[in-house]
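Encoded as structure tokens, the structure appears first; notes follow it.
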Amino acid sequence: VISIDTLSHFLKNFSWMMFENIVKVLVGLFVTIYVIRYLGAKDFGLLSYTLSIVGVLYPFSTLGIDAILFRNIIKDKESERDLIHTARLLRFIASIVIVILATASIYLYSENIDFIIIGTILLFGLIVDSFEVYKAYFSAIVKTKYIAISSINSIVIASLVKIVFALLKLNVIWFAMVFVIQKIINISILKYFYGKERGISKSKYDNKIAKNMLL
């Protein structure tokens with residue numbers, strides 16, 4: 001039998017997730033239309049094309065360990081800090097390798113300077129993404145409201161920045177930077193909530209945990 005407190009907890013988290021999706025759709029739609037009208041089909045197409053390439057590389061940079069991290073945190077809460085630290089380091093190393101290879105490929109095979117710069121900026125976002133392992137922790141302890149709050153704040157701030165950039169008549173490269181800024185804001189807020197939830201204490205890389213995640 002599910003208790004009233006448990007049901008209330010789930011409903012609150014669900015409400016935050018729904019609110020996050022509403023903000024994504026409404027704010028995203030309005031700002032995207034505004035940005036498209038400002039940048040024009042050519043520049044927005046270049047930005048979208050580069051984003052899609054980076055999006056293809058994203059799963060490789062995660063090493064597929066997010067689901068494993070989620071499961072292991074549930075199973076072994078005592079080792080939660082070491083699990084997160086190890087997963088973060090593994091993803092960081094993987095993203096560094098992918099960014100180096102992808103950036104080298106862009107410089108070797110493309111002559112479009114805007115594409116090269118935008119690609120380099122967005123690829124850097126993969127390194128930032130390696131710190132999003134805190135999402136697995138909040139999902140594991142069923143406190144997804146923190147994920148939603150972080151996401152909502154980053155979306156709103158990034159959207160405002162895009163509008164300001166359009167008003168300042170900045171070029172497409174600046175808009176590529178916003179995507180990385182949004183990730184940094186999102187992860188910074190998640191890190192803040194994690195520190196508030198768990199406090200500050202030491203964590204270490206664990207080779208045994210790493211092998212379990214990768215093999």
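As shown in the structure tokens, the chain order sets the letters A, B, ...; within each chain, residues go from 1, and ligands are also counted from 1 in the order they appear.
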Counting only C-alpha atoms, which residues in stretch 140-181 of chain A sit no more than 9 Å from stretch 44-59 of chain A? For each one, give the nearest pair of atoms and the distance in Å, sorted by chain then residue number, as a tab-separated table.
residue	atom	partner	partner_atom	distance
A:Val172	CA	A:Leu47	CA	7.3
A:Ile173	CA	A:Leu47	CA	8.4
A:Phe175	CA	A:Leu47	CA	8.3
A:Ala176	CA	A:Leu47	CA	6.9
Please dump the current selection as an mmCIF file, in the first residue's frame; keep all heavy atoms.
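Output saved as result_4.cif:
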data_model
loop_
_atom_site.group_PDB
_atom_site.id
_atom_site.type_symbol
_atom_site.label_atom_id
_atom_site.label_comp_id
_atom_site.auth_asym_id
_atom_site.auth_seq_id
_atom_site.Cartn_x
_atom_site.Cartn_y
_atom_site.Cartn_z
ATOM 1 N N VAL A 172 25.903 34.338 -35.807
ATOM 2 C CA VAL A 172 25.482 32.985 -35.428
ATOM 3 C C VAL A 172 26.444 32.321 -34.439
ATOM 4 O O VAL A 172 26.043 31.466 -33.634
ATOM 5 C CB VAL A 172 25.311 32.112 -36.694
ATOM 6 C CG1 VAL A 172 26.642 31.904 -37.415
ATOM 7 C CG2 VAL A 172 24.666 30.771 -36.341
ATOM 8 N N ILE A 173 27.701 32.706 -34.478
ATOM 9 C CA ILE A 173 28.691 32.106 -33.573
ATOM 10 C C ILE A 173 28.335 32.372 -32.110
ATOM 11 O O ILE A 173 28.491 31.503 -31.248
ATOM 12 C CB ILE A 173 30.105 32.651 -33.895
ATOM 13 C CG1 ILE A 173 30.550 32.157 -35.279
ATOM 14 C CG2 ILE A 173 31.112 32.213 -32.827
ATOM 15 C CD1 ILE A 173 31.822 32.791 -35.791
ATOM 16 N N PHE A 175 25.371 32.682 -30.938
ATOM 17 C CA PHE A 175 24.225 31.841 -30.590
ATOM 18 C C PHE A 175 24.663 30.409 -30.296
ATOM 19 O O PHE A 175 24.034 29.717 -29.491
ATOM 20 C CB PHE A 175 23.184 31.876 -31.714
ATOM 21 C CG PHE A 175 22.446 33.181 -31.781
ATOM 22 C CD1 PHE A 175 22.973 34.258 -32.481
ATOM 23 C CD2 PHE A 175 21.244 33.362 -31.119
ATOM 24 C CE1 PHE A 175 22.312 35.479 -32.534
ATOM 25 C CE2 PHE A 175 20.573 34.571 -31.163
ATOM 26 C CZ PHE A 175 21.110 35.634 -31.868
ATOM 27 N N ALA A 176 25.736 29.972 -30.941
ATOM 28 C CA ALA A 176 26.298 28.652 -30.634
ATOM 29 C C ALA A 176 26.822 28.628 -29.202
ATOM 30 O O ALA A 176 26.671 27.634 -28.479
ATOM 31 C CB ALA A 176 27.418 28.322 -31.618
#
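Within the 10 Å cut-off around A:Gln182, using only C-alpha atoms and omitting residues fewer than 6 positions from it on the same chain, the listed residues are A:Gly125, A:Ser151, A:Asn153, A:Ser154, A:Ile155, A:Val156, A:Ile157, A:Ala158, A:Ser159, A:Val161, A:Ser188.
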With distances taken over only C-alpha atoms, the candidate from A:Asn72, A:Ser61, A:Ser110, A:Asn186 nearest A:Leu90 is A:Ser61
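The space between atom CA of A:Asn21 and atom CA of A:Ser150 spans 12.6 Å.
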Separating atom CA of A:Phe60 from atom CA of A:Asp82, to the nearest tenth of an Å, is a gap of 22.2 Å
Excluding A:Trp16 and its own-chain neighbours fewer than 4 positions away, which residues fall within 7 Å of it when counting only C-alpha atoms? Please give them as a CSV table (one decimal) with N, CA, C and O atoms, in the first residue's frame.
chain,number,residue,atom,x,y,z
A,12,LYS,N,4.5,15.6,-6.6
A,12,LYS,CA,5.2,16.9,-6.6
A,12,LYS,C,6.3,16.8,-7.7
A,12,LYS,O,6.5,17.8,-8.5
A,20,GLU,N,8.4,21.6,-16.4
A,20,GLU,CA,9.6,21.8,-17.2
A,20,GLU,C,9.3,21.6,-18.7
A,20,GLU,O,9.8,22.3,-19.5
A,145,LYS,N,12.6,16.9,-9.1
A,145,LYS,CA,12.3,18.4,-9.1
A,145,LYS,C,13.5,19.2,-9.2
A,145,LYS,O,13.5,20.3,-9.8
A,148,ALA,N,14.4,19.3,-12.8
A,148,ALA,CA,13.5,20.2,-13.5
A,148,ALA,C,13.8,21.7,-13.2
A,148,ALA,O,13.8,22.5,-14.1
